[in-house]
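Okay, so here's the structure we're looking at.
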Amino acid sequence: MATAPPEKRWQRHHILGLADFHPDEYAIVLQTTASFCDVIARPLPKVPTLQGKVVATLFFESSTRTRNSFELAAKRLSADVLNFSPGTSSLSKGESILDTTRTFLAMGADLLIVRHGQAGVPHMLVNEIKRLGSGAAVLNAGDGQHEHPTQALLDLFTLCNQLDPQHQSPESLRGIKIVIVGDVLHSRVARSNIWCLTRLGSDVHLVGPPALVPRTFAEFGVTVHWDLSPALEGARFVMALRLQHERMQEQILPSLRDYHQRYGLTRPRLTLCDPQVKVLHPGPVNRGVELASEVMEDPQLSLIDQQVTHGVATRMALLYLMGGGRIPT
Ligand code: NCD
């Protein structure tokens, strides 16, 4: 871990994806997240870091944990938070996304957190912000099937914290076998995780039905499987993904029962993995489909609750890094 304080080295204004992230940037995010884990463990888990800054959450697509996690993170940094959801806004009166953005910028928004069903919308907002001469920063909270960088970064912290709870070092992931199982094709979480984990030298394996795990993913430096057992052999971590029916153009799978039989994670199946194996899932979980309840409920196996808790600290870290605040002491 470098000795320079993180605020001296963070260069990135917008966070749109992890495809071009550098290992040093992962190290800064991990180090800063660890500081904010300490903050949220305090009796009063609030710091004045972003006092006077305005954070707007623009969620054009539904969300439970990501949106609330961002809102809590911004509030714990003492920012003023503006929320937007299409159903209750002027979008339903015909206002365009760009005009909605412009409205938030005119109210003085410093940071825009954007989720949209269409890939590339956060990039489009960056162009609009530049055109308007505003200095606001954009954080991608999930765009179509493209990227979901904050989910992969909170996953990264959760993995590194398991491997080395004192230092959460990105180096600890080198050579570690990590399996991503399920609907990779429609998953922005999988794409961001693939960029992150391969860059940090993990041994990444993908597994699921051929229609959801195309062979072409092997181009990204991962191993593609269509059978669960060989994929799980010796795995240290298994990340399950939700079947994203809303993104499937047609009926791809015979039945959920069949899917669970072939690819669902159950306690007996996980015995093929490393004895210390841990299971992750970004949520929301289809209980009994991707994961058996016995796996979800077992704190020796499941890191799902830790992912949610670390999500708040990770998002505080990212808002801090992007917002130019002071690191808590
Ligand atoms: C994911 C998403 O929205 O991409 N969920 C999340 O952010 N926690 C995954 C999913 O919807 O399955």
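Letters A, B, ... mark the chains of the structure tokens in the order given; residue numbers begin at 1 per chain; ligand numbers begin at 1, in order shown.
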DSSP strand (DSSP E or B) selection over stretch 81-141 of chain A, as a list in words: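 Strand (DSSP E or B) members of stretch 81-141 of chain A, listed: Val81, Leu82, Asn83, Phe84, Leu111, Leu112, Ile113, Val114, Arg115, His116, Ala137, Val138, Leu139, Asn140 and Ala141 of chain A.
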Leaving out A:Leu159 and any residue of its chain fewer than 5 positions from it, which residues lie within 10 Å of it when counting only C-alpha atoms, given as a PyMOL selection string? chain A and resi 153-154+164-165+168-170+172-173+178+236-237+278+280+303+307
Do a neighbour search on A:Val189 at 8 Å with only C-alpha atoms, toss out local chain neighbours closer than 5 positions, and write the hits as a list in words.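 Selected residues are Glu147, His148, Pro149, Gln151, Ala152 and Pro282 of chain A.
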Nearest candidate to ligand 1 (options A:Ser187, A:Gln300, A:Thr103, A:Asn161; using only C-alpha atoms and all ligand atoms):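 Selected residue with least distance to ligand 1: A:Ser187.
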Could you tell me, counting only C-alpha atoms and all ligand atoms, which protein and nucleic acid residues lie no more than 9 Å from ligand 1, written as an MDAnalysis selection string? chainID A and resid 61:67 115 141:145 147:148 150:151 183 186:190 241:244 281:285 308
Dump as an mmCIF file, in the first residue's frame, selection limited to N, CA and C atoms:
```
data_model
loop_
_atom_site.group_PDB
_atom_site.id
_atom_site.type_symbol
_atom_site.label_atom_id
_atom_site.label_comp_id
_atom_site.auth_asym_id
_atom_site.auth_seq_id
_atom_site.Cartn_x
_atom_site.Cartn_y
_atom_site.Cartn_z
ATOM 1 N N GLU A 61 -34.410 3.893 -13.066
ATOM 2 C CA GLU A 61 -34.741 2.468 -13.036
ATOM 3 C C GLU A 61 -34.885 2.084 -11.572
ATOM 4 N N SER A 62 -35.699 1.062 -11.280
ATOM 5 C CA SER A 62 -35.988 0.745 -9.879
ATOM 6 C C SER A 62 -34.752 0.218 -9.141
ATOM 7 N N SER A 63 -34.762 0.420 -7.838
ATOM 8 C CA SER A 63 -33.628 0.024 -7.010
ATOM 9 C C SER A 63 -34.042 0.088 -5.546
ATOM 10 N N THR A 64 -33.565 -0.852 -4.743
ATOM 11 C CA THR A 64 -33.782 -0.756 -3.300
ATOM 12 C C THR A 64 -32.461 -0.437 -2.632
ATOM 13 N N ARG A 65 -31.506 -1.414 -2.723
ATOM 14 C CA ARG A 65 -30.303 -1.238 -1.907
ATOM 15 C C ARG A 65 -29.356 -0.174 -2.454
ATOM 16 N N THR A 66 -29.205 -0.099 -3.777
ATOM 17 C CA THR A 66 -28.226 0.856 -4.313
ATOM 18 C C THR A 66 -28.648 2.293 -3.996
ATOM 19 N N ARG A 67 -29.909 2.583 -4.249
ATOM 20 C CA ARG A 67 -30.376 3.956 -4.017
ATOM 21 C C ARG A 67 -30.303 4.344 -2.539
ATOM 22 N N ARG A 115 -28.718 6.130 -12.392
ATOM 23 C CA ARG A 115 -29.030 4.762 -12.841
ATOM 24 C C ARG A 115 -30.034 4.858 -13.972
ATOM 25 N N ALA A 141 -24.526 4.514 -11.346
ATOM 26 C CA ALA A 141 -25.087 3.551 -10.377
ATOM 27 C C ALA A 141 -25.733 2.375 -11.114
ATOM 28 N N GLY A 142 -25.300 2.139 -12.350
ATOM 29 C CA GLY A 142 -25.824 1.028 -13.148
ATOM 30 C C GLY A 142 -26.450 1.539 -14.419
ATOM 31 N N ASP A 143 -25.838 1.222 -15.584
ATOM 32 C CA ASP A 143 -26.427 1.635 -16.868
ATOM 33 C C ASP A 143 -26.631 0.410 -17.758
ATOM 34 N N GLY A 144 -27.888 0.059 -17.938
ATOM 35 C CA GLY A 144 -28.242 -1.089 -18.781
ATOM 36 C C GLY A 144 -27.433 -2.309 -18.408
ATOM 37 N N GLN A 145 -26.895 -2.979 -19.438
ATOM 38 C CA GLN A 145 -26.085 -4.180 -19.184
ATOM 39 C C GLN A 145 -24.600 -3.820 -19.168
ATOM 40 N N GLU A 147 -22.252 -1.327 -17.087
ATOM 41 C CA GLU A 147 -21.384 -1.352 -15.889
ATOM 42 C C GLU A 147 -22.164 -0.969 -14.629
ATOM 43 N N HIS A 148 -21.652 -1.432 -13.519
ATOM 44 C CA HIS A 148 -22.195 -1.055 -12.201
ATOM 45 C C HIS A 148 -20.973 -0.975 -11.275
ATOM 46 N N THR A 150 -19.915 0.744 -8.671
ATOM 47 C CA THR A 150 -19.893 0.781 -7.196
ATOM 48 C C THR A 150 -20.214 -0.590 -6.603
ATOM 49 N N GLN A 151 -21.012 -1.393 -7.318
ATOM 50 C CA GLN A 151 -21.278 -2.749 -6.819
ATOM 51 C C GLN A 151 -19.982 -3.564 -6.851
ATOM 52 N N ASP A 183 -26.637 -15.407 -14.668
ATOM 53 C CA ASP A 183 -27.006 -14.644 -15.854
ATOM 54 C C ASP A 183 -25.952 -13.569 -16.150
ATOM 55 N N HIS A 186 -26.739 -10.641 -19.100
ATOM 56 C CA HIS A 186 -27.512 -9.428 -18.852
ATOM 57 C C HIS A 186 -26.975 -8.605 -17.681
ATOM 58 N N SER A 187 -25.829 -9.030 -17.129
ATOM 59 C CA SER A 187 -25.398 -8.438 -15.860
ATOM 60 C C SER A 187 -24.304 -7.383 -15.983
ATOM 61 N N ARG A 188 -24.646 -6.163 -15.599
ATOM 62 C CA ARG A 188 -23.633 -5.096 -15.507
ATOM 63 C C ARG A 188 -22.709 -5.341 -14.317
ATOM 64 N N VAL A 189 -23.246 -6.021 -13.277
ATOM 65 C CA VAL A 189 -22.417 -6.349 -12.103
ATOM 66 C C VAL A 189 -21.290 -7.290 -12.541
ATOM 67 N N ALA A 190 -21.638 -8.294 -13.358
ATOM 68 C CA ALA A 190 -20.611 -9.247 -13.818
ATOM 69 C C ALA A 190 -19.548 -8.520 -14.630
ATOM 70 N N LEU A 241 -25.467 -14.527 -9.461
ATOM 71 C CA LEU A 241 -26.161 -13.390 -10.079
ATOM 72 C C LEU A 241 -27.631 -13.720 -10.230
ATOM 73 N N ARG A 242 -28.454 -12.693 -10.159
ATOM 74 C CA ARG A 242 -29.897 -12.864 -10.348
ATOM 75 C C ARG A 242 -30.209 -13.156 -11.817
ATOM 76 N N LEU A 243 -31.218 -14.003 -12.033
ATOM 77 C CA LEU A 243 -31.727 -14.185 -13.399
ATOM 78 C C LEU A 243 -32.516 -12.927 -13.744
ATOM 79 N N GLN A 244 -32.045 -12.162 -14.725
ATOM 80 C CA GLN A 244 -32.652 -10.850 -15.006
ATOM 81 C C GLN A 244 -33.725 -10.982 -16.084
ATOM 82 N N HIS A 281 -23.689 -12.245 -3.390
ATOM 83 C CA HIS A 281 -24.793 -11.999 -4.327
ATOM 84 C C HIS A 281 -25.105 -10.509 -4.246
ATOM 85 N N PRO A 282 -25.216 -9.806 -5.402
ATOM 86 C CA PRO A 282 -25.456 -8.351 -5.321
ATOM 87 C C PRO A 282 -26.863 -8.001 -4.845
ATOM 88 N N GLY A 283 -27.793 -8.994 -4.886
ATOM 89 C CA GLY A 283 -29.187 -8.729 -4.568
ATOM 90 C C GLY A 283 -29.842 -7.981 -5.714
ATOM 91 N N PRO A 284 -31.126 -7.997 -5.829
ATOM 92 C CA PRO A 284 -32.052 -8.814 -5.031
ATOM 93 C C PRO A 284 -31.931 -10.303 -5.401
ATOM 94 N N VAL A 285 -32.114 -11.170 -4.385
ATOM 95 C CA VAL A 285 -31.958 -12.617 -4.603
ATOM 96 C C VAL A 285 -33.313 -13.240 -4.911
ATOM 97 N N VAL A 308 -23.801 -5.497 1.797
ATOM 98 C CA VAL A 308 -24.693 -4.333 1.957
ATOM 99 C C VAL A 308 -24.053 -3.309 2.901
#
```
Kindly indicate which residue among A:Glu25, A:Glu233, A:Asp110, A:Glu171 lies nearest to A:Gly52, using only C-alpha atoms for the distances.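 When distances to A:Gly52 are compared using only C-alpha atoms, the smallest one comes from A:Asp110.
Here atom CA of A:Leu318 and atom CA of A:Met124 stand 20.6 Å from one another.
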Assign secondary structure with DSSP using the backbone only, and return the residues of stretch 206-274 of chain A in helix (DSSP H, G or I) as a PyMOL selection string. chain A and resi 215-220+228-232+245-247+256-263+267-270
Take the residues just selected and output them with N, CA and C atoms as a CSV table (one decimal), in the first residue's frame.
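Ended up saving to result37.csv:
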```csv
chain,number,residue,atom,x,y,z
A,215,ARG,N,-19.6,-18.0,-25.0
A,215,ARG,CA,-18.2,-18.4,-25.0
A,215,ARG,C,-17.3,-17.1,-25.3
A,216,THR,N,-17.9,-16.1,-25.9
A,216,THR,CA,-17.1,-14.9,-26.3
A,216,THR,C,-16.5,-14.2,-25.0
A,217,PHE,N,-17.1,-14.4,-23.8
A,217,PHE,CA,-16.6,-13.8,-22.6
A,217,PHE,C,-15.1,-14.2,-22.3
A,218,ALA,N,-14.7,-15.4,-22.9
A,218,ALA,CA,-13.3,-15.9,-22.7
A,218,ALA,C,-12.3,-14.8,-23.2
A,219,GLU,N,-12.8,-14.0,-24.1
A,219,GLU,CA,-11.8,-12.9,-24.6
A,219,GLU,C,-11.4,-12.0,-23.5
A,220,PHE,N,-12.2,-11.9,-22.4
A,220,PHE,CA,-11.8,-11.0,-21.3
A,220,PHE,C,-10.8,-11.6,-20.3
A,228,LEU,N,-21.7,-26.7,-13.7
A,228,LEU,CA,-21.3,-26.1,-12.4
A,228,LEU,C,-20.2,-26.8,-11.7
A,229,SER,N,-20.2,-28.1,-11.6
A,229,SER,CA,-19.2,-28.8,-10.7
A,229,SER,C,-17.7,-28.5,-11.1
A,230,PRO,N,-17.3,-28.6,-12.3
A,230,PRO,CA,-15.9,-28.3,-12.6
A,230,PRO,C,-15.6,-26.8,-12.3
A,231,ALA,N,-16.5,-25.9,-12.5
A,231,ALA,CA,-16.3,-24.5,-12.2
A,231,ALA,C,-16.1,-24.3,-10.7
A,232,LEU,N,-16.8,-25.0,-9.9
A,232,LEU,CA,-16.7,-24.8,-8.4
A,232,LEU,C,-15.5,-25.4,-7.8
A,245,HIS,N,-34.9,-11.5,-15.7
A,245,HIS,CA,-36.0,-11.8,-16.6
A,245,HIS,C,-36.4,-10.5,-17.4
A,246,GLU,N,-36.3,-9.3,-16.7
A,246,GLU,CA,-36.7,-8.1,-17.3
A,246,GLU,C,-35.8,-7.7,-18.5
A,247,ARG,N,-34.6,-8.3,-18.6
A,247,ARG,CA,-33.7,-8.0,-19.7
A,247,ARG,C,-33.7,-9.1,-20.8
A,256,LEU,N,-37.5,-22.4,-13.9
A,256,LEU,CA,-36.6,-22.0,-12.7
A,256,LEU,C,-36.2,-23.2,-11.9
A,257,ARG,N,-37.0,-24.2,-11.9
A,257,ARG,CA,-36.7,-25.4,-11.2
A,257,ARG,C,-35.5,-26.1,-11.8
A,258,ASP,N,-35.5,-26.2,-13.2
A,258,ASP,CA,-34.4,-26.8,-13.9
A,258,ASP,C,-33.1,-26.0,-13.7
A,259,TYR,N,-33.3,-24.6,-13.7
A,259,TYR,CA,-32.1,-23.8,-13.5
A,259,TYR,C,-31.5,-24.1,-12.1
A,260,HIS,N,-32.4,-24.1,-11.1
A,260,HIS,CA,-31.9,-24.4,-9.7
A,260,HIS,C,-31.1,-25.7,-9.7
A,261,GLN,N,-31.7,-26.7,-10.3
A,261,GLN,CA,-31.1,-28.0,-10.3
A,261,GLN,C,-29.7,-28.0,-10.9
A,262,ARG,N,-29.5,-27.2,-12.0
A,262,ARG,CA,-28.2,-27.2,-12.7
A,262,ARG,C,-27.2,-26.2,-12.1
A,263,TYR,N,-27.8,-25.0,-11.7
A,263,TYR,CA,-26.8,-24.0,-11.3
A,263,TYR,C,-27.1,-23.3,-10.0
A,267,ARG,N,-25.8,-26.3,-0.2
A,267,ARG,CA,-24.7,-26.6,0.7
A,267,ARG,C,-23.9,-27.8,0.1
A,268,PRO,N,-24.5,-28.9,-0.3
A,268,PRO,CA,-23.7,-30.1,-0.9
A,268,PRO,C,-22.9,-29.7,-2.1
A,269,ARG,N,-23.4,-28.8,-3.0
A,269,ARG,CA,-22.6,-28.4,-4.1
A,269,ARG,C,-21.4,-27.6,-3.7
A,270,LEU,N,-21.5,-26.8,-2.7
A,270,LEU,CA,-20.4,-26.0,-2.3
A,270,LEU,C,-19.3,-26.8,-1.6
```
Using Å and a single decimal, report how far atom CA of A:Pro275 sits from atom CA of A:Gly234. 8.1 Å
Nearby residues (only C-alpha atoms) at most 9 Å from A:Ala313, same-chain spacing under 5 positions excluded, as a count of residues only: 13
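Here atom CA of A:Pro299 and atom CA of A:Gln276 stand 12.2 Å from one another.
Closest approach to A:Thr198 from the set A:Val179, A:Ala235, A:Leu30, A:Ala109 is made by A:Val179, with distances taken over only C-alpha atoms.
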Identify which of the residues A:Gly311, A:Thr266, A:Ala317, A:Cys273 lies closest to A:Glu294, counting only C-alpha atoms when measuring atom-to-atom distances.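 Selected residue with least distance to A:Glu294: A:Thr266.
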If we count only C-alpha atoms, what is near A:Val213 at a cut-off of 10 Å, once residues fewer than 6 positions away on the same chain are taken out, given as a PyMOL selection string? chain A and resi 181-186+206-207+224-226
